[in-house]
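Undergrad: Have a peek at entry-v2.pdb (PDB, C-alpha atoms).
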```pdb
MODEL        1
ATOM      1  CA  MET A   1      -8.839  -8.260 -14.737  1.00  0.00           C
ATOM      2  CA  ASP A   2      -7.558  -6.135 -11.889  1.00  0.00           C
ATOM      3  CA  GLU A   3      -4.178  -4.511 -12.246  1.00  0.00           C
ATOM      4  CA  LEU A   4      -2.026  -4.744  -9.149  1.00  0.00           C
ATOM      5  CA  GLY A   5       0.699  -2.798 -10.910  1.00  0.00           C
ATOM      6  CA  HIS A   6       4.341  -3.005  -9.907  1.00  0.00           C
ATOM      7  CA  LEU A   7       4.558  -4.903  -6.664  1.00  0.00           C
ATOM      8  CA  GLY A   8       8.126  -3.994  -5.846  1.00  0.00           C
ATOM      9  CA  PHE A   9      11.784  -4.924  -5.900  1.00  0.00           C
ATOM     10  CA  VAL A  10      12.138  -7.942  -3.694  1.00  0.00           C
ATOM     11  CA  SER A  11      15.128 -10.034  -2.683  1.00  0.00           C
ATOM     12  CA  ALA A  12      15.398 -13.310  -4.583  1.00  0.00           C
ATOM     13  CA  ALA A  13      16.045 -14.875  -1.181  1.00  0.00           C
ATOM     14  CA  SER A  14      12.822 -13.551   0.309  1.00  0.00           C
ATOM     15  CA  THR A  15      10.625 -16.187   1.895  1.00  0.00           C
ATOM     16  CA  GLY A  16       7.679 -13.971   2.732  1.00  0.00           C
ATOM     17  CA  PHE A  17       6.747 -11.388   0.128  1.00  0.00           C
ATOM     18  CA  GLN A  18       3.243 -10.210   0.911  1.00  0.00           C
ATOM     19  CA  ILE A  19       0.709  -9.778  -1.882  1.00  0.00           C
ATOM     20  CA  LEU A  20      -2.840  -8.629  -1.165  1.00  0.00           C
ATOM     21  CA  VAL A  21      -5.683  -9.016  -3.638  1.00  0.00           C
ATOM     22  CA  ALA A  22      -9.049  -7.300  -3.199  1.00  0.00           C
ATOM     23  CA  CYS A  23     -11.544  -9.713  -4.789  1.00  0.00           C
ATOM     24  CA  LYS A  24     -14.537  -8.089  -6.492  1.00  0.00           C
ATOM     25  CA  ASN A  25     -17.607  -9.052  -8.423  1.00  0.00           C
ATOM     26  CA  SER A  26     -18.349  -7.822 -11.945  1.00  0.00           C
ATOM     27  CA  SER A  27     -19.750  -4.557 -10.513  1.00  0.00           C
ATOM     28  CA  GLY A  28     -16.600  -3.833  -8.569  1.00  0.00           C
ATOM     29  CA  THR A  29     -18.166  -4.622  -5.212  1.00  0.00           C
ATOM     30  CA  ALA A  30     -15.852  -6.253  -2.699  1.00  0.00           C
ATOM     31  CA  THR A  31     -16.935  -9.870  -2.554  1.00  0.00           C
ATOM     32  CA  ALA A  32     -15.521 -12.964  -0.916  1.00  0.00           C
ATOM     33  CA  PRO A  33     -14.670 -15.475  -3.649  1.00  0.00           C
ATOM     34  CA  THR A  34     -15.995 -18.996  -3.878  1.00  0.00           C
ATOM     35  CA  GLY A  35     -13.225 -21.356  -2.883  1.00  0.00           C
ATOM     36  CA  THR A  36      -9.639 -20.284  -2.613  1.00  0.00           C
ATOM     37  CA  PRO A  37      -7.936 -17.956  -5.093  1.00  0.00           C
ATOM     38  CA  ALA A  38      -5.172 -19.656  -7.040  1.00  0.00           C
ATOM     39  CA  TYR A  39      -2.021 -17.996  -8.283  1.00  0.00           C
ATOM     40  CA  THR A  40       0.712 -18.647 -10.802  1.00  0.00           C
ATOM     41  CA  VAL A  41       4.025 -16.838 -11.075  1.00  0.00           C
ATOM     42  CA  TYR A  42       5.611 -16.550 -14.522  1.00  0.00           C
ATOM     43  CA  ASN A  43       9.189 -15.636 -15.352  1.00  0.00           C
ATOM     44  CA  SER A  44      10.124 -13.235 -18.137  1.00  0.00           C
ATOM     45  CA  SER A  45       9.973 -16.093 -20.650  1.00  0.00           C
ATOM     46  CA  GLY A  46       6.363 -16.804 -19.752  1.00  0.00           C
ATOM     47  CA  THR A  47       7.189 -20.056 -18.020  1.00  0.00           C
ATOM     48  CA  ALA A  48       5.282 -20.876 -14.857  1.00  0.00           C
ATOM     49  CA  VAL A  49       7.798 -21.021 -12.015  1.00  0.00           C
ATOM     50  CA  GLY A  50       5.446 -21.251  -9.067  1.00  0.00           C
ATOM     51  CA  THR A  51       1.833 -21.994  -8.250  1.00  0.00           C
ATOM     52  CA  GLY A  52      -0.271 -22.132  -5.130  1.00  0.00           C
ATOM     53  CA  SER A  53      -3.257 -20.771  -3.269  1.00  0.00           C
ATOM     54  CA  MET A  54      -3.890 -17.533  -1.501  1.00  0.00           C
ATOM     55  CA  GLY A  55      -5.575 -17.175   1.861  1.00  0.00           C
ATOM     56  CA  ALA A  56      -8.765 -19.204   2.236  1.00  0.00           C
ATOM     57  CA  SER A  57     -10.479 -16.536   4.316  1.00  0.00           C
ATOM     58  CA  ASP A  58     -10.758 -12.766   4.337  1.00  0.00           C
ATOM     59  CA  HIS A  59      -7.730 -11.046   5.791  1.00  0.00           C
ATOM     60  CA  ASP A  60      -8.364  -8.785   8.775  1.00  0.00           C
ATOM     61  CA  SER A  61     -12.137  -9.267   8.329  1.00  0.00           C
ATOM     62  CA  LYS A  62     -12.050  -7.167   5.160  1.00  0.00           C
ATOM     63  CA  THR A  63     -14.560  -8.614   2.699  1.00  0.00           C
ATOM     64  CA  GLY A  64     -12.800 -10.182  -0.277  1.00  0.00           C
ATOM     65  CA  LEU A  65      -9.294  -9.259   0.833  1.00  0.00           C
ATOM     66  CA  ARG A  66      -7.028 -12.260   0.372  1.00  0.00           C
ATOM     67  CA  ARG A  67      -3.412 -12.437   1.444  1.00  0.00           C
ATOM     68  CA  LEU A  68      -0.439 -14.397   0.191  1.00  0.00           C
ATOM     69  CA  SER A  69       3.012 -14.621   1.703  1.00  0.00           C
ATOM     70  CA  LEU A  70       4.998 -15.653  -1.375  1.00  0.00           C
ATOM     71  CA  ASP A  71       8.179 -17.661  -0.933  1.00  0.00           C
ATOM     72  CA  VAL A  72      10.188 -16.029  -3.703  1.00  0.00           C
ATOM     73  CA  SER A  73      13.238 -18.172  -2.970  1.00  0.00           C
ATOM     74  CA  ALA A  74      11.225 -21.294  -3.794  1.00  0.00           C
ATOM     75  CA  LEU A  75      10.324 -20.209  -7.330  1.00  0.00           C
ATOM     76  CA  THR A  76      11.871 -22.479  -9.929  1.00  0.00           C
ATOM     77  CA  GLY A  77      15.175 -21.066 -11.164  1.00  0.00           C
ATOM     78  CA  VAL A  78      14.756 -17.834  -9.237  1.00  0.00           C
ATOM     79  CA  ALA A  79      17.564 -15.338  -9.759  1.00  0.00           C
ATOM     80  CA  ALA A  80      18.270 -11.694  -9.078  1.00  0.00           C
ATOM     81  CA  ASN A  81      17.512  -9.001 -11.647  1.00  0.00           C
ATOM     82  CA  GLU A  82      14.598 -10.878 -13.145  1.00  0.00           C
ATOM     83  CA  THR A  83      11.025  -9.745 -13.769  1.00  0.00           C
ATOM     84  CA  TYR A  84       8.186 -11.977 -12.668  1.00  0.00           C
ATOM     85  CA  THR A  85       4.468 -11.754 -13.290  1.00  0.00           C
ATOM     86  CA  PHE A  86       2.027 -12.671 -10.567  1.00  0.00           C
ATOM     87  CA  TYR A  87      -1.345 -13.846 -11.834  1.00  0.00           C
ATOM     88  CA  CYS A  88      -4.218 -14.760  -9.552  1.00  0.00           C
ATOM     89  CA  THR A  89      -7.674 -16.111 -10.379  1.00  0.00           C
ATOM     90  CA  TYR A  90     -10.752 -16.402  -8.206  1.00  0.00           C
ATOM     91  CA  VAL A  91     -14.424 -17.180  -8.696  1.00  0.00           C
ATOM     92  CA  VAL A  92     -17.191 -14.751  -7.760  1.00  0.00           C
ATOM     93  CA  GLY A  93     -20.816 -15.405  -8.677  1.00  0.00           C
ATOM     94  CA  GLY A  94     -19.774 -18.232 -10.961  1.00  0.00           C
ATOM     95  CA  ASN A  95     -17.466 -15.970 -12.956  1.00  0.00           C
ATOM     96  CA  THR A  96     -13.732 -16.418 -12.944  1.00  0.00           C
ATOM     97  CA  ARG A  97     -11.925 -13.151 -12.408  1.00  0.00           C
ATOM     98  CA  GLY A  98      -8.253 -12.324 -12.350  1.00  0.00           C
ATOM     99  CA  ALA A  99      -5.648  -9.972 -10.961  1.00  0.00           C
ATOM    100  CA  LYS A 100      -2.095  -9.527 -12.101  1.00  0.00           C
ATOM    101  CA  GLY A 101       0.990  -7.653 -11.057  1.00  0.00           C
ATOM    102  CA  VAL A 102       4.713  -7.584 -11.649  1.00  0.00           C
ATOM    103  CA  PHE A 103       7.661  -7.748  -9.289  1.00  0.00           C
ATOM    104  CA  GLN A 104      11.383  -7.717  -9.800  1.00  0.00           C
ATOM    105  CA  THR A 105      14.043  -9.563  -7.895  1.00  0.00           C
ATOM    106  CA  VAL A 106      17.216  -7.951  -6.629  1.00  0.00           C
TER     107      VAL A 106
ATOM    108  CA  MET B   1       5.021   0.553  -6.386  1.00  0.00           C
ATOM    109  CA  ARG B   2       6.404   3.686  -4.864  1.00  0.00           C
ATOM    110  CA  ARG B   3       9.444   4.136  -2.662  1.00  0.00           C
ATOM    111  CA  TYR B   4       9.781   6.574   0.216  1.00  0.00           C
ATOM    112  CA  ARG B   5      12.017   7.369   3.148  1.00  0.00           C
ATOM    113  CA  LEU B   6      10.948   7.987   6.720  1.00  0.00           C
ATOM    114  CA  GLY B   7       9.495  11.454   7.130  1.00  0.00           C
ATOM    115  CA  ASP B   8       8.120  11.485   3.582  1.00  0.00           C
ATOM    116  CA  PHE B   9       4.449  11.854   2.828  1.00  0.00           C
ATOM    117  CA  VAL B  10       2.694   9.112   0.863  1.00  0.00           C
ATOM    118  CA  PRO B  11      -0.141  10.603  -1.206  1.00  0.00           C
ATOM    119  CA  ILE B  12      -3.146   8.302  -1.374  1.00  0.00           C
ATOM    120  CA  VAL B  13      -5.830   9.280  -3.860  1.00  0.00           C
ATOM    121  CA  VAL B  14      -9.128   7.526  -4.475  1.00  0.00           C
ATOM    122  CA  GLN B  15     -11.780   8.136  -7.106  1.00  0.00           C
ATOM    123  CA  CYS B  16     -14.940   6.556  -5.740  1.00  0.00           C
ATOM    124  CA  ARG B  17     -17.210   5.072  -8.382  1.00  0.00           C
ATOM    125  CA  ASP B  18     -20.569   3.386  -8.482  1.00  0.00           C
ATOM    126  CA  THR B  19     -21.232  -0.063  -9.884  1.00  0.00           C
ATOM    127  CA  SER B  20     -21.496   1.481 -13.356  1.00  0.00           C
ATOM    128  CA  ASP B  21     -17.947   2.753 -12.948  1.00  0.00           C
ATOM    129  CA  LEU B  22     -19.107   6.373 -12.838  1.00  0.00           C
ATOM    130  CA  PRO B  23     -17.737   8.846 -10.270  1.00  0.00           C
ATOM    131  CA  ALA B  24     -19.980   8.805  -7.213  1.00  0.00           C
ATOM    132  CA  SER B  25     -20.004  10.156  -3.689  1.00  0.00           C
ATOM    133  CA  PRO B  26     -19.580   7.474  -1.040  1.00  0.00           C
ATOM    134  CA  SER B  27     -21.888   7.292   1.954  1.00  0.00           C
ATOM    135  CA  ALA B  28     -18.971   8.156   4.236  1.00  0.00           C
ATOM    136  CA  ALA B  29     -15.322   9.061   3.920  1.00  0.00           C
ATOM    137  CA  PRO B  30     -13.167   6.211   2.548  1.00  0.00           C
ATOM    138  CA  GLN B  31     -11.094   4.561   5.239  1.00  0.00           C
ATOM    139  CA  ILE B  32      -7.479   3.476   4.998  1.00  0.00           C
ATOM    140  CA  THR B  33      -5.783   0.519   6.627  1.00  0.00           C
ATOM    141  CA  VAL B  34      -2.020   0.101   6.279  1.00  0.00           C
ATOM    142  CA  TYR B  35      -0.534  -3.381   6.649  1.00  0.00           C
ATOM    143  CA  ASN B  36       3.114  -4.208   7.214  1.00  0.00           C
ATOM    144  CA  ALA B  37       4.884  -7.064   5.454  1.00  0.00           C
ATOM    145  CA  SER B  38       3.526  -9.526   8.004  1.00  0.00           C
ATOM    146  CA  GLY B  39      -0.057  -8.540   7.299  1.00  0.00           C
ATOM    147  CA  THR B  40      -0.452  -6.747  10.618  1.00  0.00           C
ATOM    148  CA  ALA B  41      -2.395  -3.486  10.550  1.00  0.00           C
ATOM    149  CA  VAL B  42       0.004  -0.658  11.401  1.00  0.00           C
ATOM    150  CA  LEU B  43      -2.641   2.029  11.025  1.00  0.00           C
ATOM    151  CA  SER B  44      -6.368   1.628  10.565  1.00  0.00           C
ATOM    152  CA  SER B  45      -9.601   3.582  10.178  1.00  0.00           C
ATOM    153  CA  LEU B  46      -7.852   6.640   8.713  1.00  0.00           C
ATOM    154  CA  LYS B  47     -10.579   8.747   7.141  1.00  0.00           C
ATOM    155  CA  MET B  48      -9.785  10.439   3.848  1.00  0.00           C
ATOM    156  CA  PRO B  49     -10.821  14.064   3.258  1.00  0.00           C
ATOM    157  CA  PRO B  50     -12.506  15.063  -0.017  1.00  0.00           C
ATOM    158  CA  VAL B  51     -10.715  17.012  -2.723  1.00  0.00           C
ATOM    159  CA  ASP B  52     -12.483  19.956  -4.345  1.00  0.00           C
ATOM    160  CA  LYS B  53     -15.848  18.569  -3.344  1.00  0.00           C
ATOM    161  CA  PRO B  54     -18.018  21.022  -5.360  1.00  0.00           C
ATOM    162  CA  THR B  55     -16.480  20.063  -8.696  1.00  0.00           C
ATOM    163  CA  ARG B  56     -14.814  16.654  -8.194  1.00  0.00           C
ATOM    164  CA  THR B  57     -17.326  13.996  -7.326  1.00  0.00           C
ATOM    165  CA  GLY B  58     -15.958  11.215  -5.161  1.00  0.00           C
ATOM    166  CA  VAL B  59     -12.303  12.251  -5.133  1.00  0.00           C
ATOM    167  CA  PHE B  60     -10.477  11.835  -1.827  1.00  0.00           C
ATOM    168  CA  ARG B  61      -6.835  12.358  -0.904  1.00  0.00           C
ATOM    169  CA  TYR B  62      -4.833  11.564   2.202  1.00  0.00           C
ATOM    170  CA  GLU B  63      -1.216  12.410   2.922  1.00  0.00           C
ATOM    171  CA  LEU B  64       0.208   9.577   4.980  1.00  0.00           C
ATOM    172  CA  ARG B  65       3.281  10.729   6.888  1.00  0.00           C
ATOM    173  CA  LEU B  66       5.875   8.055   7.461  1.00  0.00           C
ATOM    174  CA  SER B  67       6.418   8.466  11.180  1.00  0.00           C
ATOM    175  CA  SER B  68       8.137   6.228  13.692  1.00  0.00           C
ATOM    176  CA  ASP B  69       5.270   3.761  13.185  1.00  0.00           C
ATOM    177  CA  PHE B  70       7.151   2.703  10.040  1.00  0.00           C
ATOM    178  CA  SER B  71      10.518   1.147   9.293  1.00  0.00           C
ATOM    179  CA  THR B  72      12.245  -0.076   6.147  1.00  0.00           C
ATOM    180  CA  GLY B  73      10.212  -2.667   4.279  1.00  0.00           C
ATOM    181  CA  PHE B  74       7.065  -3.198   2.259  1.00  0.00           C
ATOM    182  CA  TYR B  75       3.626  -1.924   3.221  1.00  0.00           C
ATOM    183  CA  ASP B  76       0.192  -2.399   1.689  1.00  0.00           C
ATOM    184  CA  ILE B  77      -2.503   0.257   1.665  1.00  0.00           C
ATOM    185  CA  TYR B  78      -6.091  -0.961   1.734  1.00  0.00           C
ATOM    186  CA  VAL B  79      -8.791   1.636   1.038  1.00  0.00           C
ATOM    187  CA  GLN B  80     -12.460   0.835   1.486  1.00  0.00           C
ATOM    188  CA  TRP B  81     -15.559   2.905   0.777  1.00  0.00           C
ATOM    189  CA  THR B  82     -19.268   2.344   0.257  1.00  0.00           C
ATOM    190  CA  VAL B  83     -21.395   3.660  -2.611  1.00  0.00           C
ATOM    191  CA  SER B  84     -25.143   2.944  -2.559  1.00  0.00           C
ATOM    192  CA  GLY B  85     -24.618   0.114  -0.122  1.00  0.00           C
ATOM    193  CA  ASN B  86     -21.867  -1.555  -2.182  1.00  0.00           C
ATOM    194  CA  VAL B  87     -18.547  -1.909  -0.421  1.00  0.00           C
ATOM    195  CA  GLN B  88     -15.634  -1.212  -2.739  1.00  0.00           C
ATOM    196  CA  SER B  89     -11.935  -1.416  -2.107  1.00  0.00           C
ATOM    197  CA  ARG B  90      -8.488  -0.968  -3.525  1.00  0.00           C
ATOM    198  CA  VAL B  91      -5.019  -2.206  -2.622  1.00  0.00           C
ATOM    199  CA  GLU B  92      -1.669  -0.640  -3.402  1.00  0.00           C
ATOM    200  CA  LYS B  93       1.843  -1.225  -2.190  1.00  0.00           C
ATOM    201  CA  PHE B  94       4.729   1.019  -1.215  1.00  0.00           C
ATOM    202  CA  GLN B  95       8.201   0.503   0.173  1.00  0.00           C
ATOM    203  CA  VAL B  96      10.081   2.382   2.844  1.00  0.00           C
ATOM    204  CA  VAL B  97      13.779   2.470   1.997  1.00  0.00           C
ATOM    205  CA  ALA B  98      16.688   3.405   4.230  1.00  0.00           C
ATOM    206  CA  GLY B  99      17.289   7.037   5.063  1.00  0.00           C
ATOM    207  CA  GLY B 100      15.130   9.941   6.033  1.00  0.00           C
ATOM    208  CA  ASN B 101      13.995  10.936   9.493  1.00  0.00           C
ATOM    209  CA  ALA B 102      10.806   9.799  11.168  1.00  0.00           C
ATOM    210  CA  ASN B 103      10.315  13.296  12.583  1.00  0.00           C
ATOM    211  CA  GLY B 104      10.206  14.771   9.095  1.00  0.00           C
ATOM    212  CA  ALA B 105      11.919  17.844   7.699  1.00  0.00           C
ATOM    213  CA  TYR B 106      12.386  21.161   9.447  1.00  0.00           C
ATOM    214  CA  ILE B 107       9.520  23.571   8.874  1.00  0.00           C
ATOM    215  CA  GLY B 108      11.056  26.378  10.890  1.00  0.00           C
ATOM    216  CA  LEU B 109      14.505  27.313  12.227  1.00  0.00           C
ATOM    217  CA  PHE B 110      15.511  29.993  14.703  1.00  0.00           C
ATOM    218  CA  TRP B 111      19.082  31.190  15.254  1.00  0.00           C
ATOM    219  CA  TYR B 112      19.532  31.811  18.980  1.00  0.00           C
ATOM    220  CA  PRO B 113      22.959  33.212  19.960  1.00  0.00           C
ATOM    221  CA  ARG B 114      23.697  33.162  23.684  1.00  0.00           C
ATOM    222  CA  PRO B 115      26.889  33.990  25.663  1.00  0.00           C
ATOM    223  CA  ASP B 116      27.559  30.331  26.430  1.00  0.00           C
ATOM    224  CA  SER B 117      26.818  28.870  23.001  1.00  0.00           C
ATOM    225  CA  ASN B 118      25.067  29.420  19.748  1.00  0.00           C
ATOM    226  CA  TRP B 119      21.887  27.477  19.260  1.00  0.00           C
ATOM    227  CA  ILE B 120      19.501  26.583  16.489  1.00  0.00           C
ATOM    228  CA  ILE B 121      15.978  25.771  17.488  1.00  0.00           C
ATOM    229  CA  GLY B 122      14.143  23.838  14.830  1.00  0.00           C
ATOM    230  CA  ARG B 123      10.596  22.684  14.494  1.00  0.00           C
ATOM    231  CA  GLN B 124       9.965  19.458  12.606  1.00  0.00           C
ATOM    232  CA  GLU B 125       6.993  18.275  10.602  1.00  0.00           C
ATOM    233  CA  ASP B 126       5.736  16.075  13.409  1.00  0.00           C
ATOM    234  CA  GLY B 127       5.509  19.128  15.668  1.00  0.00           C
ATOM    235  CA  GLN B 128       8.577  18.334  17.750  1.00  0.00           C
ATOM    236  CA  TYR B 129      11.264  20.904  18.491  1.00  0.00           C
ATOM    237  CA  GLU B 130      14.950  20.124  18.220  1.00  0.00           C
ATOM    238  CA  ARG B 131      17.779  22.089  19.843  1.00  0.00           C
ATOM    239  CA  LEU B 132      21.195  22.070  18.177  1.00  0.00           C
ATOM    240  CA  LYS B 133      24.194  23.475  20.048  1.00  0.00           C
ATOM    241  CA  ASN B 134      27.066  25.261  18.291  1.00  0.00           C
ATOM    242  CA  PRO B 135      26.183  24.107  14.790  1.00  0.00           C
ATOM    243  CA  ARG B 136      28.957  24.143  12.189  1.00  0.00           C
ATOM    244  CA  LEU B 137      28.641  24.673   8.490  1.00  0.00           C
TER     245      LEU B 137
ENDMDL
END
```
Written as structure tokens, how would this file's structure read?
TA:
Amino acid sequence: MDELGHLGFVSAASTGFQILVACKNSSGTATAPTGTPAYTVYNSSGTAVGTGSMGASDHDSKTGLRRLSLDVSALTGVAANETYTFYCTYVVGGNTRGAKGVFQTV
Amino acid sequence: MRRYRLGDFVPIVVQCRDTSDLPASPSAAPQITVYNASGTAVLSSLKMPPVDKPTRTGVFRYELRLSSDFSTGFYDIYVQWTVSGNVQSRVEKFQVVAGGNANGAYIGLFWYPRPDSNWIIGRQEDGQYERLKNPRL
């Protein structure tokens, strides 16, 4: 599991909050995942309020770097002053790996 | 996620490791790419200098100055390095908030009284000089 840490304070009305994930294999080597990374956003109650897929190809020709422009305003029940957890999974070498981070709405 | 104003320095520190997660020297200096909120590279191929190379294996640090290339908003830092042929990378995010000055702070001031006016000549962190006429406290 990779820790993306605190991703920022973002407007609840934001339609394009960028999240980058550097996909790696079990040795930590940057590796393009098999298929497309999937993500789920959870609210502070642990309820999934949004799902989707990240970029299907490497961003800016950087191996394993996948980009998402998250439509925060489209998350179910989105409101200001809430904490959300971003969780992304991808497959490298047959192993499912994950990355998670947190952002807060303002 | 860290927050800065224009003119601030963003410290970027990397501990390069091998595939066994042990500190290791990369084959070349790690390189930084900075993306804006649209995913466009604002800066790229910035090479990081080593820190205390004789005693700290694989530690690199770069002070990214927030110049006029930046404006308020989110940015992502992508750092990439290679150890024993394995490309490794890291992503982190920072935000530029309102305020500050893209030229940075004054690093030198000179009081220059003349018959016509009083002047202050200041040098800023980006190397530019600024001339202020009849300053008031």
Undergrad: Applied to the shown file, which residues does the PyMOL selection byres ((chain A and resi 13) around 7) return, written as a PyMOL selection string?
TA: chain A and resi 11-12+14-15+72-73
Undergrad: What does the structure give for the distance between atom CA of B:Gln128 and atom CA of B:Tyr106, in Å to one decimal?
TA: 9.6 Å
Undergrad: Return the single residue from B:Val51, B:Val59, B:Ile77, B:Val87 that is closest to B:Ala37, with distances computed using only C-alpha atoms.
TA: B:Ile77
Undergrad: Separation of atom CA of B:Gly108 and atom CA of B:Ser68, in Å?
TA: 20.6 Å
Undergrad: For chain A, which residues have at least one atom within 7 Å of chain B, if we go by only C-alpha atoms? Write them as a PyMOL selection string, please.
TA: chain A and resi 6-8+18+20-22+27-30
Undergrad: Mind listing as a compact mmCIF listing (two decimals) with C-alpha atoms, keeping the file's coordinate frame all residues within 10 Å of (3.3, -19.5, -14.2), counting all atoms listed in the file?
TA:
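Result went into point37.txt, see below:
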```txt
# COMPACT_ATOMS: atom_id res chain seq x y z
CA TYR A 39 -2.02 -18.00 -8.28
CA THR A 40 0.71 -18.65 -10.80
CA VAL A 41 4.03 -16.84 -11.08
CA TYR A 42 5.61 -16.55 -14.52
CA ASN A 43 9.19 -15.64 -15.35
CA SER A 45 9.97 -16.09 -20.65
CA GLY A 46 6.36 -16.80 -19.75
CA THR A 47 7.19 -20.06 -18.02
CA ALA A 48 5.28 -20.88 -14.86
CA VAL A 49 7.80 -21.02 -12.02
CA GLY A 50 5.45 -21.25 -9.07
CA THR A 51 1.83 -21.99 -8.25
CA LEU A 75 10.32 -20.21 -7.33
CA TYR A 84 8.19 -11.98 -12.67
CA THR A 85 4.47 -11.75 -13.29
CA PHE A 86 2.03 -12.67 -10.57
CA TYR A 87 -1.34 -13.85 -11.83
```
Undergrad: Quick one: residues within 10 Å of (8.2, 25.5, 16.1) (file frame), counting only C-alpha atoms, please, as JSON, numbers by chain.
TA: {"B": [106, 107, 108, 109, 110, 121, 122, 123, 124, 125, 127, 128, 129, 130]}
Undergrad: Env of B:Ser25: 7 Å cut, atoms = all atoms listed in the file, seq-sep filter 3 positions within chain, self excluded. Answer as a PyMOL selection string.
TA: chain B and resi 16+57-58+83
Undergrad: Could you please determine the separation between atom CA of A:Thr36 and atom CA of A:Ser69 in Å, to one decimal place?
TA: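 Atom CA of A:Thr36 sits 14.5 Å away from atom CA of A:Ser69.
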Undergrad: On this structure, which residues satisfy the PyMOL selection byres ((chain B and resi 111) around 12), written as an MDAnalysis selection string?
TA: chainID B and resid 108:110 112:114 117:122 131:135
Undergrad: What's around B:Asp69 at 9 Å? Count only C-alpha atoms, leave out sequence neighbours fewer than 5 positions away in its own chain, and write the answer as a PDB file with C-alpha atoms, in the frame of the given file.
TA:
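Done, and the output landed in result-v5.pdb:
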```
ATOM      1  CA  VAL B  42       0.004  -0.658  11.401  1.00  0.00           C
ATOM      2  CA  LEU B  43      -2.641   2.029  11.025  1.00  0.00           C
ATOM      3  CA  ALA B 102      10.806   9.799  11.168  1.00  0.00           C
TER       4      ALA B 102
END
```
Undergrad: If the PyMOL selection byres ((chain A and resi 37) around 12) is run on the structure shown, which residues does it catch, given as a PyMOL selection string?
TA: chain A and resi 20-24+32-36+38-40+51-58+64-68+87-92+96-99
Undergrad: Please provide the set of residues having any atom within 8 Å of B:Met48, restricted to only C-alpha atoms, with same-chain residues fewer than 2 positions apart removed, written as a VMD selection string.
TA: chain B and resid 29 to 32 46 50 60 to 62
Undergrad: Report as a list in words all protein, DNA and RNA residues lying within 7 Å of B:Leu64, evaluated on only C-alpha atoms, omitting residues in the same chain fewer than 2 positions from it.
TA: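 Neighbouring residues, sequence-local ones excluded: Phe9, Val10, Pro11, Tyr62 and Leu66 of chain B.
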Undergrad: Now that the selection is made, can you save its residues with C-alpha atoms as a PDB file, keeping the file's coordinate frame?
TA:
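Output file selection37.pdb follows:
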```pdb
ATOM      1  CA  PHE B   9       4.449  11.854   2.828  1.00  0.00           C
ATOM      2  CA  VAL B  10       2.694   9.112   0.863  1.00  0.00           C
ATOM      3  CA  PRO B  11      -0.141  10.603  -1.206  1.00  0.00           C
ATOM      4  CA  TYR B  62      -4.833  11.564   2.202  1.00  0.00           C
ATOM      5  CA  LEU B  66       5.875   8.055   7.461  1.00  0.00           C
TER       6      LEU B  66
END
```
Undergrad: Which neighbours of A:Thr83 fall inside 9 Å, counting all atoms listed in the file, when residues of the same chain fewer than 4 positions from it are skipped, and could you give them as a VMD selection string?
TA: chain A and resid 42 to 44 102 to 105
Undergrad: Can you write out the residues you just picked, keeping C-alpha atoms, as a short mmCIF file (atom, residue, chain, number, x, y, z; two decimals), keeping the file's coordinate frame?
TA:
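Done, and the output landed in part.cif:
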```
data_model
loop_
_atom_site.label_atom_id
_atom_site.label_comp_id
_atom_site.auth_asym_id
_atom_site.auth_seq_id
_atom_site.Cartn_x
_atom_site.Cartn_y
_atom_site.Cartn_z
CA TYR A 42 5.61 -16.55 -14.52
CA ASN A 43 9.19 -15.64 -15.35
CA SER A 44 10.12 -13.24 -18.14
CA VAL A 102 4.71 -7.58 -11.65
CA PHE A 103 7.66 -7.75 -9.29
CA GLN A 104 11.38 -7.72 -9.80
CA THR A 105 14.04 -9.56 -7.90
#
```
